[in-house]
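Here's the structure, in structure tokens; my notes come after.
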Protein chains: 2
Amino acid sequence: MLIIGERINTSRKSIALAVSSKDAAFLQAEARAQAAAGADYIDVNAGTFVDDEAERLIWLVELVQEAVDLPLCIDSPDPAVIKSVLPALRRRPMINSITLEPSRLGGILPLVIEYKAKVIALCQSEEMVADTVELKVRMAGELVAKVTDAGVPLEDLYIDSLVYPLATNFQSALASLGAIEQIMKGFPGVHTTCGLTNVSYGLPARKLVNSTFLVAAIVRGLDSAILDPVDKRLYSTLRAALLIAGKDPNSVGYIRAFREQRIE
Amino acid sequence: MLIIGERINTSRKSIALAVSSKDAAFLQAEARAQAAAGADYIDVNAGTFVDDEAERLIWLVELVQEAVDLPLCIDSPDPAVIKSVLPALRRRPMINSITLEPSRLGGILPLVIEYKAKVIALCQSEEMVADTVELKVRMAGELVAKVTDAGVPLEDLYIDSLVYPLATNFQSALASLGAIEQIMKGFPGVHTTCGLTNVSYGLPARKLVNSTFLVAAIVRGLDSAILDPVDKRLYSTLRAALLIAGKDPNSVGYIRAFREQRIE
């Protein structure tokens with residue numbers, strides 16, 4: 001299970017504040033906490049800084065790399081921003097994200113090749129919202145074709161089937177789960193990933209809904225997620241889900257997490 | 001989702017004590033608490049009273065029926081015990097449980113017919129432990145055949161594919177989950193049910209493992225469970241699982257549970 005730590009995102013108030021005030025110590029602590037909690041990649045997103053996103057991201061990337069020895073996940077929809085940030089990276093990055101939109105795909109794919117990056121691809125196009133299993137899987141197939149045709153190894157592709165709020169479509173989680181299963185079976189070697197927060201939008205007790213969705217997705221084959229590993233209850237659920245999904249031989253990971261007091 | 005409340009079981013120390021000391025008030029409070037928490041059936045089990053199980057069960061049945069207006073689930077492997085308890089029941093009962101063992105099947109099935117009972121059937125025979133999807137589904141097929149041949153409607157059959165401890169087989173949950181899905185698809189109209197505690201035997205933080213298994217099972221199609229609805233964290237997870245599984249249109253059940261302060 002590849003964990004992409006989501007905390008360093010300026011859509012979070014404390015992060016935006018720390019970026020504004022150049023509080024490197026606070027941001028480095030966020031990076032270290034996620035590394036200690038088991039993150040494999042640290043996502044960095046400065047999307048709320050519309051005017052100087054690239055500059056802020058470069059600053060963030062440099063301070064995070066000083067703090068932790070993990071690869072980063074550069075999170076922006078803008079090819080120009082990604083292009084200016086990539087040279088600052090010490091390790092092979094992940095890029096978050098491409099879609100089927102031609103400008104985004106055409107702008108980012110050459111950078112994926114040039115930097116031998118891993119890449120997150122969303123089941124999303126300009127024309128439509130993929131809200132059924134069939135549409136999600138069809139878009140996944142188009143993404144696989146375009147990305148591998150461009151020369152990116154299938155193993156570097158992380159498909160996010162996207163999950164829409166249950167509050168507006170009570171079968172939206174089901175559609176994502178079905179797509180995850182079909183994508184993992186249909187394209188052996190590819191990865192799937194997912195953010196968790198969208199599913200619970202508009203509902204009470206959102207963290208419960210998010211973590212329950214994570215369990216279901218892992219049992220359906222999800223092998224990566226964008227989440228907050230510092231959240232103890234969520235991390236506990238993640239470890240238990242891997243156990244239930246038969247992905248933790250001899251319960252080694254679960255028992256280790258318990259001994260490290262990371263299970264509640 | 002049909003919930004069978006499991007609390008009144010003499011394998012629990014407090015229940016055994018209350019049965020021994022004839023503390024009807026305590027046991028009736030246990031029944032009422034489960035009814036208030038959403039139980040559809042109240043399971044009654046006096047299996048630890050080897051010498052006078054039937055007498056204890058009859059006493060239990062009568063006091064529980066005084067306390068709550070719910071049907072009961074008579075929990076014993078012994079056909080003779082079940083036979084002597086059934087006349088005491090006011091409402092159509094559930095019987096827990098039959099297996100493929102000839103004496104148990106042959107002894108209990110006529111009682112299921114006579115009392116128009118619902119019945120829980122375990123994927124278990126005298127010859128072998130069904131620990132793979134294939135064996136579980138094969139036994140489920142045999143159970144369906146024997147039960148419906150005897151004249152029991154398929155809708156009254158609750159198949160428990162059984163889950164063995166992950167601590168001794170790290171893919172045991174996966175086998176149960178696969179079986180649940182195949183049974184629900186293969187025998188339209190049949191139900192599946194499951195106890196949760198076995199899966200976590202020998203592991204730390206068992207409740208977390210149990211509730212995570214419940215999520216996975218509900219997403220795979222499980223439509224009944226034997227559990228403690230009074231356990232707030234477990235009940236929260238159950239409601240969230242129904243939401244994720246697309247079984248809670250407009251999130252009505254989840255939001256109601258939240259308003260009733262049953263979500264944590």
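We name chains A, B, ... following the order of the structure tokens; residues begin at 1 in each chain, and ligands are numbered from 1 as shown.
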Write out chain A, as a short mmCIF file (atom, residue, chain, number, x, y, z; two decimals) with C-alpha atoms, in the first residue's frame, after superposing it onto chain B by least squares using every C-alpha atom paired in order.
```
data_model
loop_
_atom_site.label_atom_id
_atom_site.label_comp_id
_atom_site.auth_asym_id
_atom_site.auth_seq_id
_atom_site.Cartn_x
_atom_site.Cartn_y
_atom_site.Cartn_z
CA MET A 1 -29.62 -5.21 7.01
CA LEU A 2 -31.02 -7.66 9.52
CA ILE A 3 -29.32 -7.33 12.90
CA ILE A 4 -29.29 -10.25 15.32
CA GLY A 5 -28.35 -8.96 18.76
CA GLU A 6 -25.75 -11.26 20.28
CA ARG A 7 -25.45 -10.02 23.85
CA ILE A 8 -27.64 -12.59 25.64
CA ASN A 9 -25.17 -15.46 25.46
CA THR A 10 -23.94 -17.28 28.54
CA SER A 11 -20.43 -17.46 27.12
CA ARG A 12 -20.35 -13.85 28.37
CA LYS A 13 -19.56 -13.85 32.07
CA SER A 14 -22.13 -11.23 33.11
CA ILE A 15 -24.88 -13.11 31.31
CA ALA A 16 -23.90 -16.49 32.78
CA LEU A 17 -23.95 -14.91 36.21
CA ALA A 18 -27.36 -13.32 35.63
CA VAL A 19 -28.79 -16.61 34.40
CA SER A 20 -27.33 -18.51 37.38
CA SER A 21 -28.72 -16.03 39.86
CA LYS A 22 -32.02 -15.66 37.99
CA ASP A 23 -31.49 -11.91 37.61
CA ALA A 24 -34.34 -11.34 35.18
CA ALA A 25 -34.16 -7.55 35.47
CA PHE A 26 -30.55 -7.49 34.25
CA LEU A 27 -31.30 -9.77 31.32
CA GLN A 28 -34.41 -7.83 30.36
CA ALA A 29 -32.33 -4.64 30.37
CA GLU A 30 -29.90 -6.35 27.97
CA ALA A 31 -32.81 -7.22 25.69
CA ARG A 32 -34.26 -3.72 25.81
CA ALA A 33 -30.90 -2.10 25.15
CA GLN A 34 -30.44 -4.19 22.02
CA ALA A 35 -33.97 -3.47 20.82
CA ALA A 36 -33.41 0.26 21.33
CA ALA A 37 -30.10 -0.03 19.46
CA GLY A 38 -31.74 -1.48 16.38
CA ALA A 39 -31.70 -5.27 16.81
CA ASP A 40 -34.23 -7.08 14.60
CA TYR A 41 -33.84 -10.39 16.45
CA ILE A 42 -32.58 -11.12 19.96
CA ASP A 43 -30.29 -14.15 20.05
CA VAL A 44 -30.56 -16.29 23.19
CA ASN A 45 -27.83 -18.81 23.98
CA ALA A 46 -27.42 -20.78 27.19
CA GLY A 47 -24.89 -23.23 25.80
CA THR A 48 -22.60 -23.13 28.83
CA PHE A 49 -25.37 -24.69 30.94
CA VAL A 50 -24.65 -28.20 29.76
CA ASP A 51 -27.01 -30.01 32.11
CA ASP A 52 -30.08 -27.80 31.88
CA GLU A 53 -29.66 -25.80 28.68
CA ALA A 54 -33.29 -26.25 27.57
CA GLU A 55 -34.73 -25.23 30.93
CA ARG A 56 -32.48 -22.13 31.09
CA LEU A 57 -33.35 -21.19 27.52
CA ILE A 58 -37.09 -21.46 28.14
CA TRP A 59 -36.71 -19.21 31.17
CA LEU A 60 -34.66 -16.75 29.11
CA VAL A 61 -37.11 -16.76 26.20
CA GLU A 62 -40.02 -15.99 28.48
CA LEU A 63 -38.38 -13.08 30.24
CA VAL A 64 -37.01 -11.59 27.01
CA GLN A 65 -40.46 -11.77 25.41
CA GLU A 66 -41.89 -9.92 28.40
CA ALA A 67 -39.33 -7.16 27.88
CA VAL A 68 -39.31 -6.61 24.12
CA ASP A 69 -41.65 -7.17 21.21
CA LEU A 70 -38.99 -8.70 18.94
CA PRO A 71 -38.68 -12.18 17.50
CA LEU A 72 -35.97 -14.35 19.01
CA CYS A 73 -33.12 -16.33 17.57
CA ILE A 74 -32.78 -19.66 19.38
CA ASP A 75 -29.09 -20.43 19.50
CA SER A 76 -28.13 -24.04 20.14
CA PRO A 77 -26.55 -26.87 18.16
CA ASP A 78 -28.82 -29.41 19.87
CA PRO A 79 -32.07 -30.40 18.09
CA ALA A 80 -33.61 -31.67 21.35
CA VAL A 81 -32.99 -28.36 23.09
CA ILE A 82 -34.42 -26.36 20.21
CA LYS A 83 -37.46 -28.63 20.09
CA SER A 84 -38.29 -28.03 23.73
CA VAL A 85 -37.80 -24.26 23.50
CA LEU A 86 -39.83 -23.53 20.36
CA PRO A 87 -43.30 -23.95 21.89
CA ALA A 88 -42.51 -21.06 24.27
CA LEU A 89 -42.08 -18.56 21.43
CA ARG A 90 -44.70 -15.94 20.68
CA ARG A 91 -43.34 -14.85 17.32
CA ARG A 92 -41.91 -16.65 14.28
CA PRO A 93 -38.38 -17.44 15.42
CA MET A 94 -35.01 -17.81 13.84
CA ILE A 95 -33.03 -20.96 14.59
CA ASN A 96 -29.25 -20.71 14.98
CA SER A 97 -28.05 -23.05 13.51
CA ILE A 98 -27.93 -26.02 11.18
CA THR A 99 -24.85 -27.40 9.39
CA LEU A 100 -24.40 -30.23 6.89
CA GLU A 101 -23.91 -32.68 9.77
CA PRO A 102 -26.73 -35.21 9.23
CA SER A 103 -27.90 -35.46 12.84
CA ARG A 104 -28.10 -31.70 13.27
CA LEU A 105 -29.68 -31.14 9.86
CA GLY A 106 -32.11 -34.05 10.22
CA GLY A 107 -33.06 -33.04 13.75
CA ILE A 108 -33.56 -29.31 13.19
CA LEU A 109 -34.99 -29.06 9.67
CA PRO A 110 -38.41 -30.54 10.61
CA LEU A 111 -38.63 -27.94 13.39
CA VAL A 112 -37.84 -25.14 10.93
CA ILE A 113 -40.76 -26.36 8.80
CA GLU A 114 -43.15 -26.88 11.72
CA TYR A 115 -42.55 -23.40 13.19
CA LYS A 116 -42.09 -21.62 9.84
CA ALA A 117 -38.79 -20.44 11.28
CA LYS A 118 -35.96 -18.63 9.61
CA VAL A 119 -32.75 -20.60 9.89
CA ILE A 120 -29.02 -19.89 9.98
CA ALA A 121 -26.97 -22.51 8.12
CA LEU A 122 -23.22 -22.78 8.61
CA CYS A 123 -20.88 -23.84 5.80
CA GLN A 124 -19.58 -26.73 7.84
CA SER A 125 -19.74 -30.51 7.56
CA GLU A 126 -18.53 -33.44 9.60
CA GLU A 127 -15.75 -34.19 7.15
CA MET A 128 -14.06 -30.87 6.63
CA VAL A 129 -13.46 -27.26 7.44
CA ALA A 130 -14.42 -25.06 4.50
CA ASP A 131 -11.57 -22.57 4.42
CA THR A 132 -11.56 -21.61 0.74
CA VAL A 133 -14.10 -19.74 -1.38
CA GLU A 134 -14.71 -22.87 -3.44
CA LEU A 135 -15.43 -25.13 -0.45
CA LYS A 136 -17.62 -22.55 1.24
CA VAL A 137 -19.67 -21.98 -1.90
CA ARG A 138 -19.95 -25.72 -2.55
CA MET A 139 -21.28 -26.28 0.98
CA ALA A 140 -23.62 -23.33 0.61
CA GLY A 141 -25.00 -24.98 -2.51
CA GLU A 142 -25.57 -28.24 -0.61
CA LEU A 143 -27.30 -26.34 2.20
CA VAL A 144 -29.55 -24.51 -0.25
CA ALA A 145 -30.49 -27.80 -1.90
CA LYS A 146 -31.23 -29.67 1.34
CA VAL A 147 -33.13 -26.82 2.94
CA THR A 148 -35.28 -25.94 -0.06
CA ASP A 149 -35.88 -29.63 -0.89
CA ALA A 150 -37.30 -29.93 2.61
CA GLY A 151 -39.75 -27.13 1.78
CA VAL A 152 -38.11 -24.14 3.47
CA PRO A 153 -38.42 -20.97 1.32
CA LEU A 154 -35.02 -19.73 0.16
CA GLU A 155 -35.79 -16.32 1.71
CA ASP A 156 -35.85 -17.93 5.16
CA LEU A 157 -32.29 -19.22 4.81
CA TYR A 158 -29.36 -17.25 6.25
CA ILE A 159 -26.07 -18.78 5.17
CA ASP A 160 -23.04 -18.14 7.36
CA SER A 161 -19.93 -18.82 5.28
CA LEU A 162 -17.91 -18.76 8.54
CA VAL A 163 -14.74 -16.80 9.00
CA TYR A 164 -11.68 -18.34 10.63
CA PRO A 165 -9.02 -16.46 12.60
CA LEU A 166 -6.69 -14.31 10.52
CA ALA A 167 -3.99 -15.09 13.07
CA THR A 168 -3.72 -18.63 11.74
CA ASN A 169 -4.61 -17.95 8.07
CA PHE A 170 -4.05 -14.42 6.80
CA GLN A 171 -6.37 -15.02 3.84
CA SER A 172 -9.29 -16.38 5.86
CA ALA A 173 -11.31 -13.15 5.67
CA LEU A 174 -10.77 -13.02 1.93
CA ALA A 175 -12.21 -16.53 1.60
CA SER A 176 -15.35 -15.56 3.52
CA LEU A 177 -15.78 -12.34 1.56
CA GLY A 178 -15.45 -14.14 -1.75
CA ALA A 179 -17.97 -16.72 -0.61
CA ILE A 180 -20.46 -14.08 0.56
CA GLU A 181 -20.34 -12.40 -2.84
CA GLN A 182 -20.72 -15.65 -4.77
CA ILE A 183 -23.50 -16.95 -2.55
CA MET A 184 -25.51 -13.73 -2.88
CA LYS A 185 -25.06 -13.73 -6.66
CA GLY A 186 -25.48 -17.49 -7.12
CA PHE A 187 -28.69 -17.97 -5.13
CA PRO A 188 -30.87 -14.89 -5.61
CA GLY A 189 -33.21 -14.47 -2.66
CA VAL A 190 -31.00 -16.21 -0.11
CA HIS A 191 -29.49 -14.25 2.77
CA THR A 192 -26.02 -14.30 4.27
CA THR A 193 -25.14 -13.67 7.87
CA CYS A 194 -21.99 -13.76 9.93
CA GLY A 195 -20.59 -13.51 13.42
CA LEU A 196 -17.66 -11.12 13.68
CA THR A 197 -15.57 -12.18 16.63
CA ASN A 198 -13.84 -15.23 15.19
CA VAL A 199 -11.89 -13.27 12.56
CA SER A 200 -9.83 -11.40 15.16
CA TYR A 201 -9.06 -14.31 17.49
CA GLY A 202 -5.45 -14.06 18.69
CA LEU A 203 -4.94 -10.49 17.43
CA PRO A 204 -4.72 -7.25 19.40
CA ALA A 205 -7.38 -4.52 19.13
CA ARG A 206 -9.96 -7.11 18.15
CA LYS A 207 -12.93 -4.75 17.86
CA LEU A 208 -11.17 -2.81 15.13
CA VAL A 209 -10.56 -5.98 13.14
CA ASN A 210 -14.15 -7.13 13.65
CA SER A 211 -15.69 -3.87 12.51
CA THR A 212 -13.35 -3.64 9.52
CA PHE A 213 -14.38 -7.13 8.49
CA LEU A 214 -18.03 -6.08 8.81
CA VAL A 215 -17.47 -3.19 6.38
CA ALA A 216 -15.83 -5.48 3.85
CA ALA A 217 -18.58 -8.08 4.18
CA ILE A 218 -21.39 -5.54 3.76
CA VAL A 219 -19.71 -4.16 0.66
CA ARG A 220 -19.55 -7.75 -0.68
CA GLY A 221 -23.29 -8.22 -0.12
CA LEU A 222 -23.75 -9.47 3.45
CA ASP A 223 -27.32 -8.59 4.44
CA SER A 224 -27.44 -9.77 8.04
CA ALA A 225 -25.03 -10.00 10.95
CA ILE A 226 -24.88 -11.37 14.46
CA LEU A 227 -23.39 -8.56 16.49
CA ASP A 228 -23.73 -6.19 19.42
CA PRO A 229 -25.74 -3.18 18.21
CA VAL A 230 -25.16 -1.47 21.58
CA ASP A 231 -21.47 -1.09 20.70
CA LYS A 232 -21.54 2.51 19.44
CA ARG A 233 -18.37 2.36 17.38
CA LEU A 234 -19.46 -0.88 15.71
CA TYR A 235 -22.93 0.49 15.02
CA SER A 236 -21.42 3.67 13.56
CA THR A 237 -19.28 1.59 11.25
CA LEU A 238 -22.29 -0.51 10.23
CA ARG A 239 -24.26 2.60 9.27
CA ALA A 240 -21.31 4.01 7.32
CA ALA A 241 -20.80 0.68 5.56
CA LEU A 242 -24.42 0.63 4.39
CA LEU A 243 -23.88 4.15 3.05
CA ILE A 244 -20.73 3.16 1.16
CA ALA A 245 -22.39 0.00 -0.15
CA GLY A 246 -25.15 2.06 -1.79
CA LYS A 247 -27.79 0.58 0.55
CA ASP A 248 -28.87 3.80 2.22
CA PRO A 249 -30.80 5.90 -0.32
CA ASN A 250 -30.42 9.62 0.34
CA SER A 251 -28.32 8.74 3.41
CA VAL A 252 -31.54 8.64 5.41
CA GLY A 253 -30.45 5.88 7.79
CA TYR A 254 -27.03 7.39 8.38
CA ILE A 255 -28.34 10.87 9.07
CA ARG A 256 -31.07 9.54 11.36
CA ALA A 257 -28.45 7.56 13.32
CA PHE A 258 -26.33 10.72 13.55
CA ARG A 259 -29.25 12.74 14.89
CA GLU A 260 -29.95 10.02 17.44
CA GLN A 261 -26.31 10.44 18.55
CA ARG A 262 -25.50 6.89 17.54
CA ILE A 263 -22.60 7.87 15.27
CA GLU A 264 -19.20 8.50 16.82
#
```
Could you pull out the residues in region 28-246 of chain A that DSSP calls alpha helix (DSSP H) from the backbone, as JSON, numbers by chain?
{"A": [28, 29, 30, 31, 32, 33, 34, 35, 36, 53, 54, 55, 56, 57, 58, 59, 60, 61, 62, 63, 64, 65, 66, 67, 79, 80, 81, 82, 83, 84, 85, 102, 103, 104, 105, 106, 107, 108, 109, 110, 111, 112, 113, 114, 133, 134, 135, 136, 137, 138, 139, 140, 141, 142, 143, 144, 145, 146, 147, 148, 149, 172, 173, 174, 175, 176, 177, 178, 179, 180, 181, 182, 183, 184, 185, 186, 206, 207, 208, 209, 210, 211, 212, 213, 214, 215, 216, 217, 218, 219, 232, 233, 234, 235, 236, 237, 238, 239, 240, 241, 242, 243, 244]}
Mind listing the strand (DSSP E or B) residues of region 31-215 of chain A, per DSSP on the backbone, as a PyMOL selection string?
chain A and resi 41-45+72-75+94-98+118-122+124+129+157-160+191-193+195
